[in-house]
file start-v3.txt (compact mmCIF, C-alpha atoms)
# COMPACT_ATOMS: atom_id res chain seq x y z
CA MET A 4 -0.37 150.91 -84.94
CA LYS A 5 -2.31 150.23 -81.73
CA LYS A 6 -1.16 146.57 -81.72
CA LEU A 7 2.49 147.61 -82.17
CA LEU A 8 2.18 150.07 -79.27
CA LEU A 9 0.70 147.38 -76.98
CA ALA A 10 3.48 144.95 -77.93
CA ALA A 11 6.14 147.56 -77.19
CA LEU A 12 4.57 148.27 -73.79
CA ALA A 13 4.53 144.56 -72.97
CA VAL A 14 8.24 144.16 -73.78
CA THR A 15 9.12 147.25 -71.75
CA SER A 16 7.09 145.93 -68.81
CA PHE A 17 8.86 142.54 -68.87
CA VAL A 18 12.34 144.03 -69.12
CA SER A 19 11.56 146.37 -66.25
CA SER A 20 10.14 143.51 -64.14
CA ASN A 21 13.09 141.23 -64.90
CA ALA A 22 15.57 143.98 -64.01
CA GLN A 23 13.85 144.56 -60.70
CA ILE A 24 14.22 140.94 -59.54
CA ILE A 25 17.90 140.58 -60.43
CA GLY A 26 19.71 140.26 -57.12
CA LYS A 27 16.52 139.47 -55.20
CA THR A 28 17.41 136.79 -52.65
CA GLU A 29 15.16 134.49 -50.62
CA ILE A 30 15.88 131.86 -47.98
CA THR A 31 14.20 128.67 -49.18
CA GLN A 32 11.63 127.10 -46.90
CA TRP A 33 13.72 123.95 -46.56
CA GLN A 34 17.38 123.12 -47.03
CA TYR A 35 18.42 122.61 -50.68
CA GLY A 36 15.08 124.05 -51.84
CA LYS A 37 13.25 120.83 -50.98
CA LYS A 38 9.46 120.65 -50.61
CA GLY A 39 9.39 119.14 -47.12
CA ALA A 40 11.50 117.70 -44.32
CA VAL A 41 11.69 114.34 -42.54
CA SER A 42 13.40 113.56 -39.23
CA ILE A 43 13.85 109.92 -38.24
CA THR A 44 14.02 109.61 -34.46
CA PHE A 45 14.46 106.68 -32.07
CA ASP A 46 13.63 106.65 -28.37
CA ASP A 47 15.39 104.88 -25.46
CA GLY A 48 18.61 103.74 -27.15
CA SER A 49 17.87 99.99 -27.06
CA ILE A 50 20.78 97.99 -28.39
CA ASN A 51 19.28 96.85 -31.72
CA GLN A 52 18.75 100.45 -32.76
CA PHE A 53 22.53 100.53 -33.08
CA LYS A 54 23.25 96.95 -34.17
CA GLN A 55 20.44 96.70 -36.73
CA ALA A 56 18.94 100.11 -37.59
CA ILE A 57 22.12 102.18 -37.95
CA PRO A 58 23.59 99.90 -40.66
CA VAL A 59 20.33 100.33 -42.63
CA LEU A 60 20.49 104.11 -42.20
CA ASN A 61 24.17 104.30 -43.10
CA ASN A 62 23.68 102.20 -46.22
CA LEU A 63 21.10 104.74 -47.42
CA LYS A 64 23.13 107.72 -46.16
CA LEU A 65 20.26 108.84 -43.92
CA PRO A 66 20.91 110.55 -40.57
CA ALA A 67 18.76 109.90 -37.50
CA THR A 68 18.28 111.27 -34.00
CA PHE A 69 18.59 108.94 -31.00
CA PHE A 70 17.10 110.05 -27.68
CA ILE A 71 19.16 108.04 -25.20
CA ILE A 72 18.74 107.07 -21.54
CA THR A 73 22.10 108.14 -20.14
CA GLY A 74 22.08 106.67 -16.62
CA GLN A 75 22.62 103.07 -17.77
CA ILE A 76 25.62 103.77 -20.05
CA PRO A 77 28.94 102.63 -18.50
CA GLY A 78 31.05 105.66 -17.64
CA SER A 79 28.13 108.02 -17.02
CA GLN A 80 28.66 110.14 -13.94
CA TYR A 81 24.99 110.49 -13.02
CA HIS A 82 22.59 107.70 -12.17
CA GLY A 83 19.10 107.51 -10.76
CA LYS A 84 18.65 108.73 -7.20
CA PHE A 85 16.13 110.50 -5.00
CA ILE A 86 16.94 114.05 -3.92
CA GLY A 87 15.14 115.10 -0.75
CA ARG A 88 14.25 114.00 2.75
CA PRO A 89 15.06 110.49 4.03
CA VAL A 90 12.53 108.12 2.47
CA LYS A 91 11.75 106.65 5.92
CA ASP A 92 10.44 110.06 6.99
CA ILE A 93 8.21 110.21 3.91
CA ILE A 94 6.89 106.68 4.54
CA ASN A 95 6.11 107.45 8.19
CA GLU A 96 4.37 110.70 7.24
CA THR A 97 2.02 108.89 4.86
CA ALA A 98 0.49 107.03 7.82
CA THR A 99 -1.16 110.23 9.10
CA ILE A 100 -1.15 112.73 6.21
CA PRO A 101 -3.04 111.77 3.02
CA THR A 102 -1.53 112.42 -0.40
CA THR A 103 -2.68 115.69 -1.96
CA LYS A 104 -1.52 117.88 -4.80
CA ASN A 105 0.81 119.55 -2.26
CA ASN A 106 2.86 116.42 -1.46
CA LEU A 107 2.09 114.17 -4.47
CA PHE A 108 5.21 115.01 -6.44
CA GLU A 109 7.64 114.37 -3.58
CA ARG A 110 6.06 111.02 -2.72
CA ALA A 111 5.89 109.90 -6.35
CA SER A 112 9.52 110.95 -6.94
CA ALA A 113 10.62 108.83 -3.97
CA ALA A 114 8.60 105.77 -5.06
CA GLY A 115 11.35 104.21 -7.15
CA TYR A 116 13.98 104.68 -4.44
CA LEU A 117 12.42 102.87 -1.48
CA GLY A 118 14.66 99.82 -1.94
CA LEU A 119 11.66 97.68 -2.90
CA ILE A 120 10.42 95.83 -5.99
CA GLY A 121 7.04 97.15 -7.17
CA PRO A 122 6.71 100.79 -6.10
CA LEU A 123 8.30 102.01 -9.35
CA ASP A 124 5.22 100.74 -11.20
CA TYR A 125 3.11 103.08 -9.09
CA HIS A 126 5.36 105.99 -10.09
CA TYR A 127 4.66 105.24 -13.77
CA ASN A 128 0.94 104.63 -13.39
CA ALA A 129 0.42 107.73 -11.27
CA GLY A 130 2.49 109.74 -13.72
CA ALA A 131 0.27 108.62 -16.58
CA LEU A 132 -2.73 109.87 -14.61
CA VAL A 133 -1.11 113.28 -14.06
CA ASP A 134 -0.24 113.48 -17.75
CA ALA A 135 -3.92 112.83 -18.42
CA GLY A 136 -4.96 115.58 -15.98
CA LYS A 137 -6.29 113.12 -13.36
CA VAL A 138 -4.44 114.43 -10.31
CA ASP A 139 -6.98 113.23 -7.72
CA GLU A 140 -6.76 109.68 -9.05
CA ALA A 141 -2.96 109.86 -8.93
CA CYS A 142 -3.13 110.90 -5.27
CA LYS A 143 -5.30 107.88 -4.43
CA LEU A 144 -2.87 105.57 -6.23
CA ILE A 145 0.11 106.93 -4.29
CA ASP A 146 -1.84 106.51 -1.03
CA GLU A 147 -2.43 102.88 -2.01
CA LEU A 148 1.29 102.46 -2.69
CA TYR A 149 2.46 103.75 0.68
CA LEU A 150 -0.18 101.74 2.53
CA LYS A 151 1.29 98.59 0.97
CA VAL A 152 4.80 99.79 1.81
CA ARG A 153 3.88 100.25 5.47
CA LYS A 154 2.30 96.78 5.52
CA GLY A 155 5.48 95.23 4.10
CA GLU A 156 3.85 93.89 0.94
CA PHE A 157 6.87 94.47 -1.33
CA ARG A 158 10.07 92.48 -1.34
CA PRO A 159 13.44 94.23 -1.04
CA GLY A 160 15.46 94.99 -4.17
CA ILE A 161 16.31 97.53 -6.86
CA GLN A 162 13.86 97.93 -9.74
CA HIS A 163 14.50 99.52 -13.14
CA ASN A 164 11.93 100.18 -15.84
CA THR A 165 11.80 98.11 -19.02
CA GLU A 166 13.13 100.92 -21.25
CA TYR A 167 16.16 101.38 -18.97
CA MET A 168 16.94 97.66 -19.04
CA ASP A 169 16.50 97.36 -22.83
CA ALA A 170 18.99 100.18 -23.33
CA HIS A 171 21.89 98.18 -21.89
CA GLY A 172 24.66 97.09 -24.23
CA THR A 173 26.17 100.21 -25.76
CA THR A 174 29.02 102.43 -24.59
CA TRP A 175 29.96 106.08 -24.96
CA ASN A 176 32.76 105.01 -27.33
CA ASP A 177 30.15 103.32 -29.53
CA ILE A 178 27.96 106.42 -29.44
CA ARG A 179 30.87 108.67 -30.40
CA LYS A 180 31.46 106.42 -33.42
CA TYR A 181 27.82 106.64 -34.47
CA ALA A 182 27.80 110.41 -33.96
CA ALA A 183 30.81 110.71 -36.27
CA GLN A 184 28.71 108.95 -38.93
CA GLY A 185 26.28 111.89 -38.90
CA HIS A 186 23.70 110.83 -36.32
CA GLU A 187 22.39 113.07 -33.56
CA PHE A 188 22.34 111.90 -29.93
CA ALA A 189 20.08 113.68 -27.49
CA SER A 190 18.70 113.34 -23.98
CA HIS A 191 15.90 111.00 -22.96
CA MET A 192 16.77 111.67 -19.30
CA ILE A 193 18.79 109.58 -16.84
CA THR A 194 16.27 106.87 -15.98
CA HIS A 195 13.27 107.38 -18.32
CA PRO A 196 10.95 108.68 -15.57
CA ARG A 197 7.46 110.15 -15.64
CA LEU A 198 8.51 113.79 -15.38
CA ALA A 199 4.96 115.05 -14.88
CA ILE A 200 4.76 113.49 -11.41
CA MET A 201 8.19 114.55 -10.14
CA ASP A 202 8.94 117.42 -7.78
CA GLU A 203 11.24 120.20 -8.93
CA PRO A 204 14.59 118.96 -7.50
CA ASN A 205 14.19 115.46 -8.94
CA MET A 206 12.82 116.62 -12.27
CA MET A 207 15.69 119.06 -12.70
CA TYR A 208 18.19 116.37 -11.74
CA GLU A 209 16.90 114.17 -14.58
CA LEU A 210 16.89 117.06 -17.05
CA GLU A 211 20.20 118.69 -16.16
CA LYS A 212 22.41 115.74 -15.26
CA SER A 213 21.54 113.76 -18.36
CA LYS A 214 22.59 116.82 -20.33
CA ALA A 215 25.79 117.08 -18.26
CA ASP A 216 26.85 113.52 -19.16
CA ILE A 217 26.12 114.11 -22.85
CA LEU A 218 28.13 117.34 -22.74
CA LYS A 219 31.09 115.56 -21.13
CA GLN A 220 31.02 112.58 -23.47
CA LEU A 221 29.95 114.13 -26.79
CA GLY A 222 30.30 117.91 -26.56
CA PRO A 223 27.91 120.89 -26.70
CA LYS A 224 26.55 120.12 -30.18
CA TYR A 225 24.62 117.18 -28.71
CA THR A 226 23.01 119.08 -25.82
CA PHE A 227 20.63 120.91 -28.14
CA SER A 228 17.73 118.44 -28.29
CA GLY A 229 15.76 116.56 -25.65
CA GLU A 230 12.65 114.44 -25.29
CA GLY A 231 10.72 113.96 -22.07
CA PRO A 232 9.76 110.26 -21.86
CA PHE A 233 6.30 109.15 -22.97
CA GLY A 234 6.02 112.23 -25.17
CA THR A 235 4.76 114.24 -22.22
CA GLU A 236 3.17 117.57 -23.06
CA ASN A 237 2.55 118.48 -19.41
CA GLU A 238 2.75 122.27 -19.21
CA ARG A 239 4.57 122.30 -15.87
CA VAL A 240 7.22 119.90 -17.21
CA MET A 241 7.64 121.92 -20.39
CA GLN A 242 8.36 125.12 -18.46
CA TYR A 243 11.27 123.40 -16.70
CA ALA A 244 12.49 121.51 -19.77
CA TYR A 245 12.57 124.62 -21.99
CA LYS A 246 15.20 126.07 -19.64
CA VAL A 247 17.51 123.12 -20.21
CA TYR A 248 17.06 122.08 -23.87
CA PRO A 249 16.66 124.54 -26.75
CA ALA A 250 14.70 121.96 -28.79
CA LEU A 251 12.16 119.54 -27.37
CA ARG A 252 10.41 116.97 -29.50
CA ASN A 253 7.58 116.99 -26.94
CA ARG A 254 6.49 120.49 -27.89
CA MET A 255 7.78 123.48 -29.84
CA PRO A 256 5.40 126.39 -29.14
CA GLU A 257 6.60 128.67 -31.93
CA PRO A 258 4.12 131.25 -33.24
CA TRP A 259 4.84 130.22 -36.82
CA LEU A 260 4.55 126.44 -36.25
CA LYS A 261 1.44 124.26 -36.22
CA GLU A 262 2.05 121.16 -34.12
CA ILE A 263 0.38 117.80 -34.72
CA SER A 264 1.47 115.47 -31.91
CA ARG A 265 1.70 111.70 -32.10
CA SER A 266 -1.58 111.37 -30.22
CA ASP A 267 -3.38 113.69 -32.66
CA ARG A 268 -4.99 111.65 -35.43
CA ASN A 269 -5.38 114.63 -37.77
CA ASN A 270 -3.33 115.03 -40.92
CA PRO A 271 -1.78 118.34 -41.99
CA GLY A 272 -4.38 120.59 -43.52
CA ASN A 273 -4.58 124.23 -44.45
CA THR A 274 -3.01 126.62 -41.98
CA ASP A 275 -1.84 130.21 -41.81
CA LYS A 276 1.35 129.04 -40.08
CA GLU A 277 4.64 129.01 -41.96
CA TYR A 278 5.39 125.42 -40.93
CA ILE A 279 3.65 122.24 -39.76
CA GLN A 280 5.40 119.72 -37.52
CA PHE A 281 3.67 116.40 -38.27
CA GLN A 282 4.68 113.82 -35.63
CA ARG A 283 3.91 110.16 -36.10
CA GLY A 284 4.90 107.08 -34.10
CA ALA A 285 5.33 103.81 -35.95
CA THR A 286 4.38 100.73 -33.91
CA THR A 287 3.82 97.05 -34.62
CA LYS A 288 0.16 97.92 -35.23
CA THR A 289 0.89 100.56 -37.89
CA PRO A 290 0.30 99.28 -41.45
CA MET A 291 3.16 100.01 -43.84
CA PRO A 292 0.81 101.70 -46.36
CA MET A 293 -0.19 104.17 -43.65
CA MET A 294 3.44 104.88 -42.80
CA LYS A 295 4.17 105.52 -46.46
CA ALA A 296 1.11 107.76 -46.72
CA TRP A 297 2.67 110.04 -44.07
CA VAL A 298 5.65 110.46 -46.39
CA ASP A 299 3.43 111.08 -49.41
CA THR A 300 1.50 113.75 -47.51
CA THR A 301 4.75 115.52 -46.62
CA ALA A 302 6.06 115.33 -50.19
CA ASN A 303 2.83 116.73 -51.63
CA LYS A 304 2.85 119.85 -49.47
CA ASN A 305 5.51 122.53 -49.10
CA ASN A 306 5.33 123.41 -45.42
CA THR A 307 5.42 120.08 -43.58
CA TRP A 308 8.08 118.52 -41.37
CA LEU A 309 7.42 114.82 -40.73
CA VAL A 310 8.92 113.74 -37.39
CA LEU A 311 8.91 109.94 -37.14
CA THR A 312 9.32 108.16 -33.80
CA PHE A 313 10.53 104.57 -33.52
CA HIS A 314 11.32 102.50 -30.46
CA GLY A 315 12.30 98.83 -30.49
CA VAL A 316 14.07 96.98 -33.28
CA ASP A 317 14.17 93.21 -33.90
CA GLY A 318 12.46 92.17 -30.69
CA ILE A 319 14.27 94.48 -28.25
CA GLY A 320 12.44 97.57 -27.03
CA TRP A 321 8.84 98.76 -26.99
CA GLU A 322 6.74 98.04 -30.10
CA ALA A 323 9.72 96.63 -31.97
CA LEU A 324 9.76 96.69 -35.77
CA SER A 325 12.08 94.47 -37.78
CA HIS A 326 15.13 95.89 -39.49
CA GLN A 327 13.62 94.60 -42.77
CA GLN A 328 10.56 96.80 -42.22
CA LEU A 329 12.81 99.77 -41.47
CA ASP A 330 14.86 99.07 -44.60
CA ASP A 331 11.72 99.04 -46.76
CA TYR A 332 10.41 102.21 -45.19
CA PHE A 333 13.64 104.18 -45.24
CA LYS A 334 14.18 103.27 -48.91
CA TYR A 335 10.73 104.70 -49.61
CA ILE A 336 11.70 107.95 -47.88
CA LYS A 337 15.03 108.07 -49.68
CA ALA A 338 13.32 107.72 -53.07
CA LYS A 339 11.33 110.93 -52.49
CA ASP A 340 13.70 113.41 -54.10
CA GLY A 341 11.70 116.40 -52.88
CA LEU A 342 12.28 115.65 -49.20
CA TRP A 343 15.13 116.85 -47.00
CA VAL A 344 16.03 114.13 -44.47
CA ALA A 345 17.90 115.59 -41.50
CA THR A 346 18.25 115.20 -37.76
CA PHE A 347 15.66 116.69 -35.44
CA GLY A 348 18.19 119.22 -34.19
CA ASN A 349 19.29 120.39 -37.63
CA VAL A 350 15.76 120.88 -38.95
CA THR A 351 14.95 122.88 -35.81
CA ARG A 352 18.06 125.01 -36.32
CA TYR A 353 17.28 125.63 -39.98
CA ILE A 354 13.69 126.78 -39.54
CA ARG A 355 14.52 128.96 -36.53
CA GLU A 356 17.46 130.54 -38.35
CA ARG A 357 15.26 131.21 -41.36
CA GLN A 358 12.58 132.81 -39.20
CA ASN A 359 15.13 135.08 -37.54
CA ALA A 360 17.36 135.91 -40.52
CA LYS A 361 17.71 139.00 -42.68
CA VAL A 362 19.06 139.07 -46.22
CA GLN A 363 20.45 142.20 -47.86
CA SER A 364 21.37 142.14 -51.53
CA ILE A 365 23.17 144.74 -53.65
CA GLN A 366 23.88 144.48 -57.36
CA LYS A 367 26.84 146.53 -58.55
CA GLY A 368 28.43 146.06 -61.94
CA LYS A 369 28.89 142.38 -62.72
CA ALA A 370 28.55 141.21 -59.11
CA ILE A 371 25.80 140.69 -56.55
CA THR A 372 26.79 141.08 -52.89
CA ILE A 373 24.63 139.44 -50.23
CA ASN A 374 24.79 139.78 -46.45
CA LEU A 375 23.07 137.10 -44.38
CA ASN A 376 22.59 137.44 -40.61
CA HIS A 377 20.35 136.08 -37.88
CA THR A 378 19.77 137.19 -34.30
CA LEU A 379 20.10 133.80 -32.59
CA ASP A 380 22.96 132.43 -30.48
CA LYS A 381 25.68 131.89 -33.09
CA SER A 382 27.34 129.05 -31.18
CA MET A 383 24.12 127.06 -31.19
CA TYR A 384 22.51 128.03 -34.50
CA ASN A 385 25.16 127.44 -37.13
CA VAL A 386 23.70 125.36 -39.97
CA PRO A 387 23.92 126.79 -43.49
CA LEU A 388 20.84 128.26 -45.09
CA THR A 389 19.86 127.71 -48.71
CA LEU A 390 19.59 130.95 -50.66
CA LYS A 391 17.79 131.53 -53.94
CA THR A 392 19.14 134.52 -55.85
CA TYR A 393 17.83 135.81 -59.18
CA VAL A 394 20.60 136.55 -61.66
CA PRO A 395 20.82 138.14 -65.12
CA GLN A 396 19.58 135.83 -67.86
CA LYS A 397 22.80 136.29 -69.81
CA TRP A 398 24.80 134.61 -67.02
CA LYS A 399 25.50 131.06 -68.19
CA SER A 400 27.37 130.15 -64.99
CA VAL A 401 27.51 131.76 -61.54
CA LYS A 402 30.48 131.77 -59.20
CA VAL A 403 29.43 131.92 -55.52
CA THR A 404 32.12 132.93 -53.04
CA GLN A 405 31.89 133.17 -49.25
CA GLY A 406 35.15 133.59 -47.40
CA ASN A 407 37.74 131.27 -48.92
CA LYS A 408 35.20 128.89 -50.46
CA THR A 409 34.00 129.20 -54.06
CA ARG A 410 31.56 127.07 -56.02
CA VAL A 411 30.26 127.39 -59.58
CA PHE A 412 26.58 126.81 -60.42
CA LYS A 413 24.58 126.65 -63.60
CA PRO A 414 21.54 128.93 -63.27
CA ILE A 415 18.06 127.44 -63.28
CA VAL A 416 15.94 129.01 -66.01
CA ILE A 417 12.34 129.77 -65.06
CA SER A 418 9.88 128.41 -67.61
CA GLY A 419 8.36 130.97 -69.92
CA ASP A 420 11.60 132.94 -70.20
CA LYS A 421 10.88 134.73 -66.93
CA GLY A 422 14.40 134.87 -65.58
CA SER A 423 17.06 132.71 -63.93
CA TYR A 424 18.17 131.93 -60.39
CA VAL A 425 20.75 129.92 -58.47
CA LEU A 426 20.35 127.85 -55.30
CA TYR A 427 23.35 127.65 -52.97
CA GLN A 428 24.37 127.16 -49.35
CA ALA A 429 25.51 130.08 -47.20
CA TYR A 430 26.49 130.47 -43.56
CA PRO A 431 24.85 133.31 -41.61
CA ASN A 432 26.79 135.80 -39.52
CA THR A 433 30.07 135.33 -41.37
CA THR A 434 31.44 137.06 -44.47
CA ALA A 435 29.39 138.46 -47.33
CA ILE A 436 28.46 136.23 -50.26
CA ILE A 437 29.62 137.39 -53.70
CA LEU A 438 27.91 136.19 -56.89
CA SER A 439 29.58 136.86 -60.22
CA GLY A 440 28.52 135.61 -63.65
CA SER A 441 30.00 134.65 -66.95

call {"tool": "encode", "arguments": {"input": "start-v3.txt", "output": "structure tokens"}}
result
Amino acid sequence: MKKLLLAALAVTSFVSSNAQIIGKTEITQWQYGKKGAVSITFDDGSINQFKQAIPVLNNLKLPATFFIITGQIPGSQYHGKFIGRPVKDIINETATIPTTKNNLFERASAAGYLGLIGPLDYHYNAGALVDAGKVDEACKLIDELYLKVRKGEFRPGIQHNTEYMDAHGTTWNDIRKYAAQGHEFASHMITHPRLAIMDEPNMMYELEKSKADILKQLGPKYTFSGEGPFGTENERVMQYAYKVYPALRNRMPEPWLKEISRSDRNNPGNTDKEYIQFQRGATTKTPMPMMKAWVDTTANKNNTWLVLTFHGVDGIGWEALSHQQLDDYFKYIKAKDGLWVATFGNVTRYIRERQNAKVQSIQKGKAITINLNHTLDKSMYNVPLTLKTYVPQKWKSVKVTQGNKTRVFKPIVISGDKGSYVLYQAYPNTTAIILSGS
């Protein structure tokens, strides 16, 4: 009798528990209920990224993000220039006033616009020192530069950096075609400068006017993401850049995100954060087994977003990999069924929407009604979220309707006869989602 009573209580408990979860709806951690995310990104926009890498990506139906240098593209309105006092006044002033943290940024910003071959190298080298926190050394280097300028040690001419020159060869029409194929294009500034050593007017010119050309040529969708050259994490730069671009690959200081930058040799470990952004840069010195291990690590966790950074392809661009290496690697990523491969911008949108969304679910009769809303700017954050809704076990198929679109799904049965659920896409801040079963 006691055994029968215990069995009856167990059945009652399960039925009660199962009834309570019917209609319960969650937003999955990643799109399509995947275990992790991967974003393939390229810097600089060198020509073989488009001629060689995009065909590989398209063949595998993989999207990528290209951070492009806009000033060199024919038809761009904005090109490199110095905003400020006449450079002759700055040169003359350096003869009597040493470079300090108070005038460093102006002098370094002007360095590439003196009409001479060579000073631009000092801009880059001094910028690297500032990025490394060595401001005093940067000041000494800029003093050395202007001493040489005053002595006439540089020949006249216009100098561009290597990344700017390697990016020549594509057009806005080409980029529009690639964007239509599903790729994201984003800002890598006008001239690929060292932002950390620029004064405010010149830094903002690079940030804002690159965005303005992208807006004019591609539309607002492509002004979401940006990347300050050299992966700068300079705090002063970030405070300016955050005002211009909603998503920066350099840094994303979200309270729920653990960041592992390209320079950080650590792998994702345990964390109390909801997400981990795991950035890695593949160079000619990176063994393929290591690159594949990054993918394996992401696939074996459930909270990791692998952000890959590539540069040159087939001999053009910094640390160029061959398109054969890319083909091998991207096929390896594609074969990992548990990974969601999406652009940098779309992964950012998804996780921010999820963190700011609310789901309300009501079961009434033979239908479940779900309202999905988030508090972000609706014009900017508009990717669908993946919902997981528990449904009655007797439902053999589920019709999901939102607005004028309807799809039919077969429920996924949880092992151990513990219930059923459906996974489906839904757009926030629109009409309610109706689930009905048969």

call {"tool": "closest_atom_pairs", "arguments": {"input": "start-v3.txt", "of": "range 134-251 of chain A", "to": "range 81-88 of chain A", "cutoff": "9 Å", "atoms": "all atoms listed in the file", "output": "JSON lines"}}
result
{"residue": "A:Ile193", "atom": "CA", "partner": "A:His82", "partner_atom": "CA", "distance": 6.3}
{"residue": "A:Thr194", "atom": "CA", "partner": "A:Gly83", "partner_atom": "CA", "distance": 6.0}
{"residue": "A:Pro204", "atom": "CA", "partner": "A:Ile86", "partner_atom": "CA", "distance": 6.5}
{"residue": "A:Asn205", "atom": "CA", "partner": "A:Ile86", "partner_atom": "CA", "distance": 5.9}
{"residue": "A:Tyr208", "atom": "CA", "partner": "A:Ile86", "partner_atom": "CA", "distance": 8.3}
{"residue": "A:Glu209", "atom": "CA", "partner": "A:Gly83", "partner_atom": "CA", "distance": 8.0}
{"residue": "A:Lys212", "atom": "CA", "partner": "A:Tyr81", "partner_atom": "CA", "distance": 6.3}
{"residue": "A:Ser213", "atom": "CA", "partner": "A:Tyr81", "partner_atom": "CA", "distance": 7.1}
{"residue": "A:Ala215", "atom": "CA", "partner": "A:Tyr81", "partner_atom": "CA", "distance": 8.5}
{"residue": "A:Asp216", "atom": "CA", "partner": "A:Tyr81", "partner_atom": "CA", "distance": 7.1}

call {"tool": "write_last_selection", "arguments": {"input": "start-v3.txt", "atoms": "C-alpha atoms", "output": "tab-separated table (two decimals), in the coordinates of the input"}}
result
chain	number	residue	atom	x	y	z
A	193	ILE	CA	18.79	109.58	-16.84
A	194	THR	CA	16.27	106.87	-15.98
A	204	PRO	CA	14.59	118.96	-7.50
A	205	ASN	CA	14.19	115.46	-8.94
A	208	TYR	CA	18.19	116.37	-11.74
A	209	GLU	CA	16.90	114.17	-14.58
A	212	LYS	CA	22.41	115.74	-15.26
A	213	SER	CA	21.54	113.76	-18.36
A	215	ALA	CA	25.79	117.08	-18.26
A	216	ASP	CA	26.85	113.52	-19.16

call {"tool": "atom_distance", "arguments": {"input": "start-v3.txt", "atom1": "CA of Trp259 in chain A", "atom2": "CA of Trp308 in chain A"}}
result
13.0 Å

call {"tool": "closest_residue", "arguments": {"input": "start-v3.txt", "among": "A:Tyr243, A:Ala135, A:Ala114, A:Tyr149", "to": "Thr97 in chain A", "atoms": "all atoms listed in the file"}}
result
A:Tyr149

call {"tool": "residues_near_point", "arguments": {"input": "start-v3.txt", "point": "(27.3, 133.0, -62.9)", "cutoff": "8 Å", "atoms": "only C-alpha atoms", "output": "mmCIF file with C-alpha atoms, in the coordinates of the input"}}
result
data_model
loop_
_atom_site.group_PDB
_atom_site.id
_atom_site.type_symbol
_atom_site.label_atom_id
_atom_site.label_comp_id
_atom_site.auth_asym_id
_atom_site.auth_seq_id
_atom_site.Cartn_x
_atom_site.Cartn_y
_atom_site.Cartn_z
ATOM 1 C CA VAL A 394 20.600 136.550 -61.660
ATOM 2 C CA TRP A 398 24.800 134.610 -67.020
ATOM 3 C CA LYS A 399 25.500 131.060 -68.190
ATOM 4 C CA SER A 400 27.370 130.150 -64.990
ATOM 5 C CA VAL A 401 27.510 131.760 -61.540
ATOM 6 C CA LYS A 402 30.480 131.770 -59.200
ATOM 7 C CA VAL A 403 29.430 131.920 -55.520
ATOM 8 C CA VAL A 411 30.260 127.390 -59.580
ATOM 9 C CA PHE A 412 26.580 126.810 -60.420
ATOM 10 C CA LYS A 413 24.580 126.650 -63.600
ATOM 11 C CA PRO A 414 21.540 128.930 -63.270
ATOM 12 C CA LEU A 438 27.910 136.190 -56.890
ATOM 13 C CA SER A 439 29.580 136.860 -60.220
ATOM 14 C CA GLY A 440 28.520 135.610 -63.650
ATOM 15 C CA SER A 441 30.000 134.650 -66.950
#

call {"tool": "closest_atom_pairs", "arguments": {"input": "start-v3.txt", "of": "range 140-239 of chain A", "to": "range 340-360 of chain A", "cutoff": "8 Å", "atoms": "only C-alpha atoms", "output": "tab-separated table"}}
result
residue	atom	partner	partner_atom	distance
A:His186	CA	A:Thr346	CA	7.1
A:Glu187	CA	A:Thr346	CA	6.3
A:Phe227	CA	A:Gly348	CA	6.7
A:Ser228	CA	A:Gly348	CA	6.0

call {"tool": "residues_around", "arguments": {"input": "start-v3.txt", "residues": "Tyr430 in chain A", "least_positions_apart": "2", "cutoff": "8 Å", "atoms": "all atoms listed in the file", "output": "PyMOL selection string"}}
result
chain A and resi 375+385-388+428+432-433

call {"tool": "closest_atom_pairs", "arguments": {"input": "start-v3.txt", "of": "range 118-208 of chain A", "to": "range 229-240 of chain A", "cutoff": "10 Å", "atoms": "all atoms listed in the file", "output": "tab-separated table"}}
result
residue	atom	partner	partner_atom	distance
A:Gly130	CA	A:Thr235	CA	9.9
A:Ala131	CA	A:Phe233	CA	8.8
A:Val133	CA	A:Asn237	CA	8.3
A:Asp134	CA	A:Asn237	CA	6.0
A:Ala135	CA	A:Asn237	CA	8.6
A:Gly136	CA	A:Asn237	CA	8.8
A:Glu166	CA	A:Pro232	CA	9.9
A:Phe188	CA	A:Gly229	CA	9.1
A:Ala189	CA	A:Gly229	CA	5.5
A:Ser190	CA	A:Gly229	CA	4.7
A:His191	CA	A:Glu230	CA	5.3
A:Met192	CA	A:Gly231	CA	7.0
A:Thr194	CA	A:Pro232	CA	9.4
A:His195	CA	A:Pro232	CA	5.8
A:Pro196	CA	A:Pro232	CA	6.6
A:Arg197	CA	A:Pro232	CA	6.6
A:Leu198	CA	A:Val240	CA	6.5
A:Ala199	CA	A:Val240	CA	5.8
A:Ile200	CA	A:Val240	CA	9.0
A:Met201	CA	A:Val240	CA	8.9
A:Asp202	CA	A:Val240	CA	9.9
A:Glu203	CA	A:Val240	CA	9.2
A:Met206	CA	A:Val240	CA	8.2
A:Met207	CA	A:Val240	CA	9.6

call {"tool": "atom_distance", "arguments": {"input": "start-v3.txt", "atom1": "CA of Thr174 in chain A", "atom2": "CA of Tyr225 in chain A"}}
result
15.9 Å

call {"tool": "closest_atom_pairs", "arguments": {"input": "start-v3.txt", "of": "range 285-304 of chain A", "to": "range 331-339 of chain A", "cutoff": "10 Å", "atoms": "all atoms listed in the file", "output": "Markdown table"}}
result
| residue | atom | partner | partner_atom | distance |
| --- | --- | --- | --- | --- |
| A:Met291 | CA | A:Tyr332 | CA | 7.7 |
| A:Pro292 | CA | A:Tyr332 | CA | 9.7 |
| A:Met294 | CA | A:Tyr332 | CA | 7.8 |
| A:Lys295 | CA | A:Tyr332 | CA | 7.2 |
| A:Val298 | CA | A:Ile336 | CA | 6.7 |
| A:Asp299 | CA | A:Lys339 | CA | 8.5 |
| A:Thr301 | CA | A:Lys339 | CA | 9.9 |
| A:Ala302 | CA | A:Lys339 | CA | 7.2 |
